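J.: The structure that follows is given in the form of structure tokens.
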Amino acid sequence: MDAQDDHVWLRRYRPRASDLIGERVLVTLAGPGTDDPAGAVRDVLGEEDPLAARLLGGLAPRLGCPQVRPLLLHWATAVESRPGLRWMWEAKELLTEEAVEVIPDVLRELAAHRETAIRRSRAYGETVFLRKSTATTLRGVVWTCELIDEPWVVPLLGDVAVTTGTGVGGSGAHARSELLANAAIGVLARHGGLDVVAQLARVQAKARKKTILTAVNRTLAEVGERAGLSPSSCWSAACPRSGSAPTAPVPSRGCACR
């Protein structure tokens, strides 16, 4: 078990010990000091897939700086299927202005990322979208967006959901990363609002994996109902005609979004 694993183990299985030891000691256990931001990011993300390498090359000074690094370490503990109250509380405590500024750049890189063919030898190669460690950390980034009230949150999460929810090459019955697609859809669901309906409709139009489509349809119904949209208004908001503005919402007791 390496230093980063020690940190994750303490976070997940020994919350009282984590509280007693304190954040500074846990950060020290995790690896390089704050004078080596690239090393700190490398310890969390590694360089096993092209996106991790790109984040390391372009955003390491910002992700590994003292103001963001504790949250970066926390993102790496996003191992459950959905965030618990304790995980979100810790994320809120660790969220800084510097983190809020770098998160959209991370999400843009993720939304623009595509699978890459990696040649391991003359006889063996594989197509990689994200390694598990990278996807887990990015799920933490997505979850943290629930704590941020900025205009970029909803459209960028929509972009992430579309990229990760569609298959290799942009088609097919499998998702590039169902883990991240579900995370983005979940945060959009909890955000709510008319702008979320439009983003979910984008995922609905592109994704082919049944479990993702089921989640999108359920979320559209829930968001539409909370917004007080009628079924027709919900559909108009999700799929406005080309060149026209979205239809104004019509109050309703429920919305089937179908």
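By order in the structure tokens, chains are A, B, ...; within a chain, residues start at 1; ligands start at 1, following the order shown.
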Where does DSSP see strand (DSSP E) in region 70-254 of chain A, if you list the residues as a VMD selection string?
T.: chain A and resid 116 to 119 125 to 128
J.: Residues at most 12 Å from Glu98 (chain A), counting only C-alpha atoms, excluding those fewer than 6 positions away in the same chain, as an NGL selection string?
T.: :A and (61-72 or 104-105)
J.: With distances taken over only C-alpha atoms, which residue among A:Met88, A:Ala181, A:Leu213, A:Leu156 lies nearest Val196 (chain A)?
T.: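 Among the listed residues, the smallest separation from Val196 (chain A) belongs to A:Leu156.
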J.: Calculated over only C-alpha atoms, which of the candidates A:Val223, A:Ala53, A:Val142, A:Ala135 has the smallest distance to Ser177 (chain A)?
T.: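 Once distances to Ser177 (chain A) are computed over only C-alpha atoms, the minimum belongs to A:Ala135.
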J.: With only C-alpha atoms as the atoms that count, which of A:Arg131, A:Arg114, A:Lys210, A:Arg108 lies nearest to His174 (chain A)?
T.: A:Lys210
J.: Restricting the calculation to only C-alpha atoms: of A:Val79, A:Ile118, A:Leu138, A:Val153, which residue gets closest to His191 (chain A)?
T.: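 Looking at the shortest contact to His191 (chain A), the residue is A:Val153.
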J.: Report as a list of chain:residue names all protein, DNA and RNA residues lying within 7 Å of Ala161 (chain A), evaluated on only C-alpha atoms, omitting residues in the same chain fewer than 4 positions from it.
T.: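 With the cut-off at 7 Å, the set is A:Leu157, A:Gly165, A:Ala181, A:Ala184, A:Ile185, A:Val203.
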J.: Store the residues picked out above in a file with C-alpha atoms, as a PDB file, in the first residue's frame.
T.:
ATOM      1  CA  LEU A 157     -21.891  18.958 -17.105  1.00  0.00           C
ATOM      2  CA  GLY A 165     -22.497   8.671 -22.144  1.00  0.00           C
ATOM      3  CA  ALA A 181     -22.094   9.900 -17.258  1.00  0.00           C
ATOM      4  CA  ALA A 184     -22.947  14.203 -14.357  1.00  0.00           C
ATOM      5  CA  ILE A 185     -26.610  13.231 -14.749  1.00  0.00           C
ATOM      6  CA  VAL A 203     -27.731  13.087 -23.672  1.00  0.00           C
TER       7      VAL A 203
END
J.: Quick one, how far is CA of Arg202 (chain A) from CA of Asn217 (chain A)?
T.: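 We find that CA of Arg202 (chain A) and CA of Asn217 (chain A) lie 11.7 Å from each other.
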J.: What lies within 7 Å of Trp75 (chain A) using only C-alpha atoms, ignoring chain neighbours under 6 positions off, as a list of chain:residue names?
T.: A:Thr137, A:Gly140, A:Val141
J.: How would the residues just chosen look if you wrote them out with C-alpha atoms as a short mmCIF file (atom, residue, chain, number, x, y, z; two decimals), in the first residue's frame?
T.:
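What landed in result.cif:
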data_model
loop_
_atom_site.label_atom_id
_atom_site.label_comp_id
_atom_site.auth_asym_id
_atom_site.auth_seq_id
_atom_site.Cartn_x
_atom_site.Cartn_y
_atom_site.Cartn_z
CA THR A 137 -10.88 11.39 -9.47
CA GLY A 140 -15.06 13.71 -7.53
CA VAL A 141 -14.62 16.80 -9.70
#
J.: In Å, how far is it from CA of Gly167 (chain A) to CA of Ile103 (chain A)?
T.: 24.5 Å
J.: What gap, in Å, lies between CA of Leu55 (chain A) and CA of Glu97 (chain A)?
T.: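 Computing it gives 19.2 Å between the two atoms.
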J.: Taking the DSSP assignment computed from this structure's backbone, write out as JSON, numbers by chain all residues of region 92-213 of chain A that belong to alpha helix (DSSP H).
T.: {"A": [92, 93, 94, 97, 98, 99, 100, 101, 102, 103, 104, 105, 106, 107, 108, 109, 110, 111, 112, 132, 133, 134, 135, 136, 137, 138, 139, 140, 141, 142, 143, 144, 153, 154, 155, 156, 157, 158, 159, 160, 161, 162, 163, 164, 165, 178, 179, 180, 181, 182, 183, 184, 185, 186, 187, 188, 189, 190, 191, 194, 195, 196, 197, 198, 199, 200, 201, 202, 203, 204, 205, 206, 210, 211, 212, 213]}
J.: Nearest to Thr134 (chain A) among A:Val216, A:Ala60, A:Ala198, A:Ala76, with distances taken over only C-alpha atoms: which residue is it?
T.: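 Of the candidates, the smallest distance to Thr134 (chain A) is held by A:Ala76.
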J.: Have a look at A:Ala117, A:Val168, A:Ile148, A:Ala78 and name the one nearest to Thr136 (chain A); count only C-alpha atoms.
T.: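 Closest to Thr136 (chain A) of all the choices is A:Ala78.
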